[in-house]
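Participant: Let me give you the structure first, and then I'll get to my questions.
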Amino acid sequence: MKRMIVRVSSLVLALALMVALVGCGNTTKASSKASAPVVVKIGTLQTDDLLALWVALDNGTLKSAGLDVQVTTFQSAQEEVAAMTAGKIDGMMTDMVVPVQLNAAGTPVKAITVCQTAPAGIIAGKNSGITQLSQLAGVPTGCSSPTAMEYIYDTALKNAGIAADQIKTTEIKKIPVRLQMLGAGQLKAAVLPWTLFTAAQLQGGVPLLDQKQAAPLTSTVLVFSQKFLDTKDADKTLTTLLTQYNKGVDTINAAITSDPAHFSSLLIKEAKLPESLAAKYQVRQYSQASVPAAEQFESVVSWMMDKGYIKKTQDASTLIYQVKGFNY
């Protein structure tokens with residue numbers, strides 16, 4: 001009997017040990033599952049606006065913070081918008097026209113931060129003979145609609161005293177193609193983001209509207225779909241994203257003080273830009289994440305109404321989202 005009791009006790013202890021081991025195994029799996037990085041898919045164009053995020057990715061700080069940020073570079077705003085509409089990306093770096101456009105079309109999005117001021121400039125071709133904005137009256141200029149580039153072009157020419165019926169554009173969706181046509185003399189002028197604006201200057205292009213002149217007009221913004229913003233941990237995820245974004249901003253600004261081209265190679269690689277820019281492109285200063293200006297959105301909405309791009313006006317409050325928990 002005594003021997004039987006010992007055997008039963010041994011069996012009970014063995015079973016208890018197995019349960020404990022299985023429990024530990026489940027805890028390990030649960031812990032592993034809980035620590036899996038959060039995937040965030042973001043689109044951008046061939047511009048420098050998202051450089052701070054690329055720096056954070058390159059430094060590995062986003063990954064260390066638990067985010068798997070996947071950035072896709074598009075050649076045109078239309079391709080990027082299509083990806084957002086199809087739900088292939090959660091957010092995108094874009095101009096202030098696009099959120100208005102998407103909301104009007106039934107795909108609600110909101111801007112969480114400004115990326116840069118002055119999304120683009122206006123530049124004339126090498127042999128165009130054009131040296132100032134007033135000479136663009138009646139000249140078809142390479143652009144795309146409806147975009148902030150068109151908004152900048154219309155506003156700049158209006159400010160230069162050119163009548164509305166003399167403001168002409170040629171629709172060229174893909175920005176690299178616009179640059180090629182300008183360089184080949186097929187366009188007298190074009191509206192280009194600063195990366196390709198610099199490339200056009202290297203080809204002998206003549207700046208007509210530079211960064212300083214374009215800065216007050218509008219900004220680029222980082223927007224996210226309402227579907228993403230409605231997810232349970234969206235604010236927590238975006239707080240982490242913007243915190244690491246700000247660290248990327250600090251890293252850029254510290255480096256370019258002594259070496260303006262310090263991050264140009266990374267930019268060329270990620271934005272899929274011409275290699276000729278690597279030694280020439282001077283990275284500009286970046287600002288910490290900030291709430292987009294309601295006044296700029298209101299001006300863009302008014303312009304889109306006048307152009308017939310939207311039928312109903314939109315309040316700036318429906319276009320802006322302040323991330324809860326993040327200290328702007």
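Convention: chains lettered A, B, ... in structure tokens order; per-chain residue numbering from 1; ligands numbered from 1 as shown.
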So which residues of stretch 159-301 of chain A fall under helix (DSSP H, G or I) by DSSP, listed as number ranges by chain?
Facilitator: A: 159, 164-166, 175-183, 194-202, 211-214, 226-229, 234-256, 264-271, 275-277, 294-301
Participant: Need to verify the contact set: A:Ile310, 9 Å, only C-alpha atoms, exclusion of same-chain residues closer than 2 positions in sequence. Can you return it as a PDB file with all heavy atoms, in the first residue's frame?
Facilitator:
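Contents of selection26.pdb, as written:
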ATOM      1  N   VAL A 100      -8.863  66.631 -49.024  1.00  0.00           N
ATOM      2  CA  VAL A 100     -10.152  67.208 -49.419  1.00  0.00           C
ATOM      3  C   VAL A 100     -10.775  66.367 -50.535  1.00  0.00           C
ATOM      4  O   VAL A 100     -11.965  66.032 -50.508  1.00  0.00           O
ATOM      5  CB  VAL A 100      -9.970  68.667 -49.900  1.00  0.00           C
ATOM      6  CG1 VAL A 100     -11.321  69.270 -50.296  1.00  0.00           C
ATOM      7  CG2 VAL A 100      -9.304  69.508 -48.819  1.00  0.00           C
ATOM      8  N   GLN A 101      -9.956  66.007 -51.498  1.00  0.00           N
ATOM      9  CA  GLN A 101     -10.390  65.202 -52.629  1.00  0.00           C
ATOM     10  C   GLN A 101     -10.914  63.833 -52.163  1.00  0.00           C
ATOM     11  O   GLN A 101     -11.982  63.378 -52.599  1.00  0.00           O
ATOM     12  CB  GLN A 101      -9.211  65.020 -53.589  1.00  0.00           C
ATOM     13  CG  GLN A 101      -9.497  64.217 -54.837  1.00  0.00           C
ATOM     14  CD  GLN A 101      -8.220  63.968 -55.641  1.00  0.00           C
ATOM     15  OE1 GLN A 101      -7.115  64.116 -55.127  1.00  0.00           O
ATOM     16  NE2 GLN A 101      -8.379  63.591 -56.888  1.00  0.00           N
ATOM     17  N   ALA A 104     -14.225  64.036 -50.178  1.00  0.00           N
ATOM     18  CA  ALA A 104     -15.343  64.317 -51.084  1.00  0.00           C
ATOM     19  C   ALA A 104     -15.757  63.067 -51.858  1.00  0.00           C
ATOM     20  O   ALA A 104     -16.925  62.901 -52.215  1.00  0.00           O
ATOM     21  CB  ALA A 104     -14.957  65.428 -52.058  1.00  0.00           C
ATOM     22  N   ALA A 105     -14.786  62.172 -52.084  1.00  0.00           N
ATOM     23  CA  ALA A 105     -15.055  60.963 -52.864  1.00  0.00           C
ATOM     24  C   ALA A 105     -15.504  59.790 -51.996  1.00  0.00           C
ATOM     25  O   ALA A 105     -15.736  58.689 -52.507  1.00  0.00           O
ATOM     26  CB  ALA A 105     -13.810  60.572 -53.648  1.00  0.00           C
ATOM     27  N   VAL A 301      -9.544  74.476 -49.785  1.00  0.00           N
ATOM     28  CA  VAL A 301     -10.950  74.086 -50.000  1.00  0.00           C
ATOM     29  C   VAL A 301     -11.655  75.134 -50.868  1.00  0.00           C
ATOM     30  O   VAL A 301     -12.393  74.791 -51.803  1.00  0.00           O
ATOM     31  CB  VAL A 301     -11.686  73.914 -48.655  1.00  0.00           C
ATOM     32  CG1 VAL A 301     -13.200  73.789 -48.879  1.00  0.00           C
ATOM     33  CG2 VAL A 301     -11.171  72.680 -47.918  1.00  0.00           C
ATOM     34  N   MET A 304     -10.538  74.764 -54.456  1.00  0.00           N
ATOM     35  CA  MET A 304     -11.119  73.577 -55.082  1.00  0.00           C
ATOM     36  C   MET A 304     -12.589  73.787 -55.428  1.00  0.00           C
ATOM     37  O   MET A 304     -13.080  73.282 -56.451  1.00  0.00           O
ATOM     38  CB  MET A 304     -10.953  72.358 -54.173  1.00  0.00           C
ATOM     39  CG  MET A 304      -9.496  71.924 -54.031  1.00  0.00           C
ATOM     40  SD  MET A 304      -9.281  70.434 -53.024  1.00  0.00           S
ATOM     41  CE  MET A 304      -9.843  69.166 -54.160  1.00  0.00           C
ATOM     42  N   MET A 305     -13.294  74.537 -54.606  1.00  0.00           N
ATOM     43  CA  MET A 305     -14.691  74.880 -54.915  1.00  0.00           C
ATOM     44  C   MET A 305     -14.756  75.748 -56.165  1.00  0.00           C
ATOM     45  O   MET A 305     -15.559  75.500 -57.070  1.00  0.00           O
ATOM     46  CB  MET A 305     -15.314  75.617 -53.726  1.00  0.00           C
ATOM     47  CG  MET A 305     -15.638  74.746 -52.529  1.00  0.00           C
ATOM     48  SD  MET A 305     -17.099  73.702 -52.796  1.00  0.00           S
ATOM     49  CE  MET A 305     -18.402  74.939 -52.790  1.00  0.00           C
ATOM     50  N   ASP A 306     -13.877  76.748 -56.231  1.00  0.00           N
ATOM     51  CA  ASP A 306     -13.842  77.652 -57.392  1.00  0.00           C
ATOM     52  C   ASP A 306     -13.491  76.911 -58.679  1.00  0.00           C
ATOM     53  O   ASP A 306     -14.011  77.238 -59.757  1.00  0.00           O
ATOM     54  CB  ASP A 306     -12.819  78.773 -57.157  1.00  0.00           C
ATOM     55  CG  ASP A 306     -13.270  79.746 -56.084  1.00  0.00           C
ATOM     56  OD1 ASP A 306     -14.472  79.758 -55.756  1.00  0.00           O
ATOM     57  OD2 ASP A 306     -12.409  80.484 -55.554  1.00  0.00           O
ATOM     58  N   LYS A 307     -12.623  75.907 -58.580  1.00  0.00           N
ATOM     59  CA  LYS A 307     -12.201  75.139 -59.753  1.00  0.00           C
ATOM     60  C   LYS A 307     -13.214  74.071 -60.148  1.00  0.00           C
ATOM     61  O   LYS A 307     -13.114  73.470 -61.216  1.00  0.00           O
ATOM     62  CB  LYS A 307     -10.850  74.463 -59.488  1.00  0.00           C
ATOM     63  CG  LYS A 307      -9.690  75.405 -59.221  1.00  0.00           C
ATOM     64  CD  LYS A 307      -9.123  76.047 -60.474  1.00  0.00           C
ATOM     65  CE  LYS A 307      -8.301  75.092 -61.280  1.00  0.00           C
ATOM     66  NZ  LYS A 307      -7.557  75.765 -62.384  1.00  0.00           N
ATOM     67  N   GLY A 308     -14.180  73.825 -59.268  1.00  0.00           N
ATOM     68  CA  GLY A 308     -15.176  72.804 -59.546  1.00  0.00           C
ATOM     69  C   GLY A 308     -14.709  71.391 -59.210  1.00  0.00           C
ATOM     70  O   GLY A 308     -15.335  70.408 -59.622  1.00  0.00           O
ATOM     71  N   LYS A 312     -19.196  70.381 -52.532  1.00  0.00           N
ATOM     72  CA  LYS A 312     -19.555  70.865 -51.207  1.00  0.00           C
ATOM     73  C   LYS A 312     -18.308  71.281 -50.446  1.00  0.00           C
ATOM     74  O   LYS A 312     -17.280  70.617 -50.537  1.00  0.00           O
ATOM     75  CB  LYS A 312     -20.303  69.778 -50.421  1.00  0.00           C
ATOM     76  CG  LYS A 312     -21.659  69.412 -51.007  1.00  0.00           C
ATOM     77  CD  LYS A 312     -22.335  68.353 -50.144  1.00  0.00           C
ATOM     78  CE  LYS A 312     -23.705  67.974 -50.710  1.00  0.00           C
ATOM     79  NZ  LYS A 312     -24.369  66.928 -49.888  1.00  0.00           N
ATOM     80  N   THR A 313     -18.431  72.350 -49.692  1.00  0.00           N
ATOM     81  CA  THR A 313     -17.296  72.814 -48.907  1.00  0.00           C
ATOM     82  C   THR A 313     -17.033  71.857 -47.743  1.00  0.00           C
ATOM     83  O   THR A 313     -17.894  71.054 -47.376  1.00  0.00           O
ATOM     84  CB  THR A 313     -17.533  74.238 -48.368  1.00  0.00           C
ATOM     85  OG1 THR A 313     -16.314  74.740 -47.799  1.00  0.00           O
ATOM     86  CG2 THR A 313     -18.623  74.253 -47.319  1.00  0.00           C
TER      87      THR A 313
END
Participant: Excluding A:Ala293 and any residue of its chain fewer than 2 positions from it, enumerate the residues within 12 Å of it, using only C-alpha atoms, and give them as a PyMOL selection string.
Facilitator: chain A and resi 96+111-115+117+216-221+290-291+295-300+316-317+319-322
Participant: Could you pull out the strand (DSSP E or B) residues of stretch 186-259 of chain A from DSSP and send them as a PyMOL selection string?
Facilitator: chain A and resi 189-193+206-209+219-225
Participant: Dump as JSON lines the rows for residues of stretch 127-241 of chain A within 8 Å of stretch 273-289 of chain A: closest atom pair and distance in Å with one decimal, only C-alpha atoms counted, ordered by chain and rising residue number.
Facilitator:
{"residue": "A:Thr195", "atom": "CA", "partner": "A:Tyr281", "partner_atom": "CA", "distance": 7.4}
{"residue": "A:Leu196", "atom": "CA", "partner": "A:Leu273", "partner_atom": "CA", "distance": 7.9}
{"residue": "A:Thr198", "atom": "CA", "partner": "A:Tyr281", "partner_atom": "CA", "distance": 6.8}
{"residue": "A:Ala199", "atom": "CA", "partner": "A:Leu277", "partner_atom": "CA", "distance": 6.6}
Participant: My list of candidates is A:Ser128, A:Ser265, A:Gln226, A:Thr72. Which is closest to A:Leu182 when distances are computed with only C-alpha atoms?
Facilitator: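 Looking only at the distances to A:Leu182, the closest residue turns out to be A:Ser128.
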Participant: Atom CA of A:Gly91 to atom CA of A:Asp230: how many Å, to one decimal?
Facilitator: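 Those two atoms sit 13.1 Å apart.
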Participant: Could you pull the residues within 12 Å of A:Gln201, counting only C-alpha atoms, minus those fewer than 6 positions along the same chain, as a short mmCIF file (atom, residue, chain, number, x, y, z; two decimals) with N, CA and C atoms, in the first residue's frame?
Facilitator:
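The new file part.cif reads:
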data_model
loop_
_atom_site.label_atom_id
_atom_site.label_comp_id
_atom_site.auth_asym_id
_atom_site.auth_seq_id
_atom_site.Cartn_x
_atom_site.Cartn_y
_atom_site.Cartn_z
N GLY A 121 7.99 74.03 -56.34
CA GLY A 121 8.31 75.33 -56.92
C GLY A 121 8.06 75.33 -58.41
N ILE A 122 8.23 76.48 -59.02
CA ILE A 122 8.03 76.62 -60.47
C ILE A 122 9.38 76.94 -61.11
N ILE A 123 9.70 76.23 -62.16
CA ILE A 123 11.00 76.41 -62.81
C ILE A 123 10.85 76.41 -64.33
N ALA A 124 11.59 77.29 -65.00
CA ALA A 124 11.54 77.38 -66.45
C ALA A 124 12.67 76.57 -67.07
N GLY A 125 12.47 76.11 -68.29
CA GLY A 125 13.48 75.34 -68.99
C GLY A 125 14.68 76.18 -69.39
N LYS A 126 15.79 75.52 -69.63
CA LYS A 126 17.06 76.17 -69.94
C LYS A 126 16.97 77.16 -71.10
N LEU A 179 9.84 66.23 -65.53
CA LEU A 179 11.23 66.68 -65.50
C LEU A 179 11.92 66.38 -66.83
N LEU A 182 10.77 68.77 -69.53
CA LEU A 182 11.33 70.11 -69.33
C LEU A 182 12.77 70.14 -69.84
N GLY A 183 13.55 69.11 -69.49
CA GLY A 183 14.94 69.04 -69.92
C GLY A 183 15.09 68.89 -71.42
N ALA A 189 8.09 75.37 -69.00
CA ALA A 189 8.18 75.48 -67.54
C ALA A 189 7.44 74.30 -66.91
N ALA A 190 7.71 74.07 -65.63
CA ALA A 190 7.07 72.96 -64.92
C ALA A 190 7.00 73.27 -63.43
N LEU A 192 7.51 71.48 -59.92
CA LEU A 192 8.21 70.27 -59.46
C LEU A 192 8.48 70.33 -57.96
N TRP A 194 10.90 69.78 -54.68
CA TRP A 194 12.27 70.32 -54.58
C TRP A 194 13.36 69.34 -54.99
N THR A 195 13.10 68.06 -54.83
CA THR A 195 14.09 67.08 -55.26
C THR A 195 14.32 67.17 -56.77
N PRO A 207 14.91 79.03 -61.89
CA PRO A 207 13.88 79.10 -60.85
C PRO A 207 13.01 80.34 -60.99
N LEU A 208 11.69 80.14 -60.89
CA LEU A 208 10.75 81.25 -60.96
C LEU A 208 10.04 81.45 -59.63
N ASP A 210 10.79 80.00 -55.70
CA ASP A 210 11.66 79.15 -54.89
C ASP A 210 10.99 78.78 -53.56
N SER A 276 22.51 61.53 -59.89
CA SER A 276 23.23 62.79 -60.09
C SER A 276 22.97 63.79 -58.96
N LEU A 277 21.89 63.57 -58.20
CA LEU A 277 21.55 64.48 -57.11
C LEU A 277 22.37 64.21 -55.84
N LYS A 280 24.79 66.81 -54.94
CA LYS A 280 24.34 68.18 -55.16
C LYS A 280 23.18 68.61 -54.28
N TYR A 281 22.33 67.67 -53.91
CA TYR A 281 21.11 68.03 -53.19
C TYR A 281 21.41 68.41 -51.75
#
Participant: So that I can check the surroundings of stretch 51-58 of chain A, please list as a PyMOL selection string every protein, DNA and RNA residue that reaches within 12 Å of it, counting only C-alpha atoms and ignoring chain neighbours fewer than 3 positions away.
Facilitator: chain A and resi 42-48+61-73+92-93+115-116+195+222+240-253+255+262-271+283-289
Participant: For A:Thr147, which residue among A:Gly325, A:Pro260, A:Pro119, A:Gly106 is the nearest when counting only C-alpha atoms?
Facilitator: A:Pro119
Participant: What's the 6 Å shell around A:Gly138, counting only C-alpha atoms, without same-chain residues fewer than 3 positions away, as a list of chain:residue names?
Facilitator: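 Counting only C-alpha atoms, the residues come to A:Gln166, A:Ile167, A:Lys168.
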Participant: Only C-alpha atoms, please: the residues just picked out, written as a compact mmCIF listing (two decimals), in the first residue's frame.
Facilitator:
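Dumped everything to part_19.txt:
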# COMPACT_ATOMS: atom_id res chain seq x y z
CA GLN A 166 -4.15 83.25 -69.01
CA ILE A 167 -3.10 80.62 -66.45
CA LYS A 168 -2.43 77.51 -68.55
Participant: Pick the closest to A:Arg178 from A:Val81, A:Leu102, A:Ser144, A:Ala160: which is it, counting only C-alpha atoms?
Facilitator: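 So, comparing all the options, the nearest one is A:Ser144.
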Participant: As an exercise, work out the distance from atom CA of A:Ile175 to atom CA of A:Met149 in Å and give it to one decimal place.
Facilitator: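 Separation of atom CA of A:Ile175 and atom CA of A:Met149: 10.7 Å.
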Participant: Identify which of the residues A:Ser145, A:Gln75, A:Asn103, A:Thr85 lies closest to A:Lys311, counting only C-alpha atoms when measuring atom-to-atom distances.
Facilitator: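 The shortest atom-to-atom distance to A:Lys311 comes from A:Asn103.
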Participant: Atom CA of A:Thr141 and atom CA of A:Glu171, how far apart in Å?
Facilitator: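 So the two atoms, atom CA of A:Glu171 and atom CA of A:Thr141, lie 8.4 Å apart.
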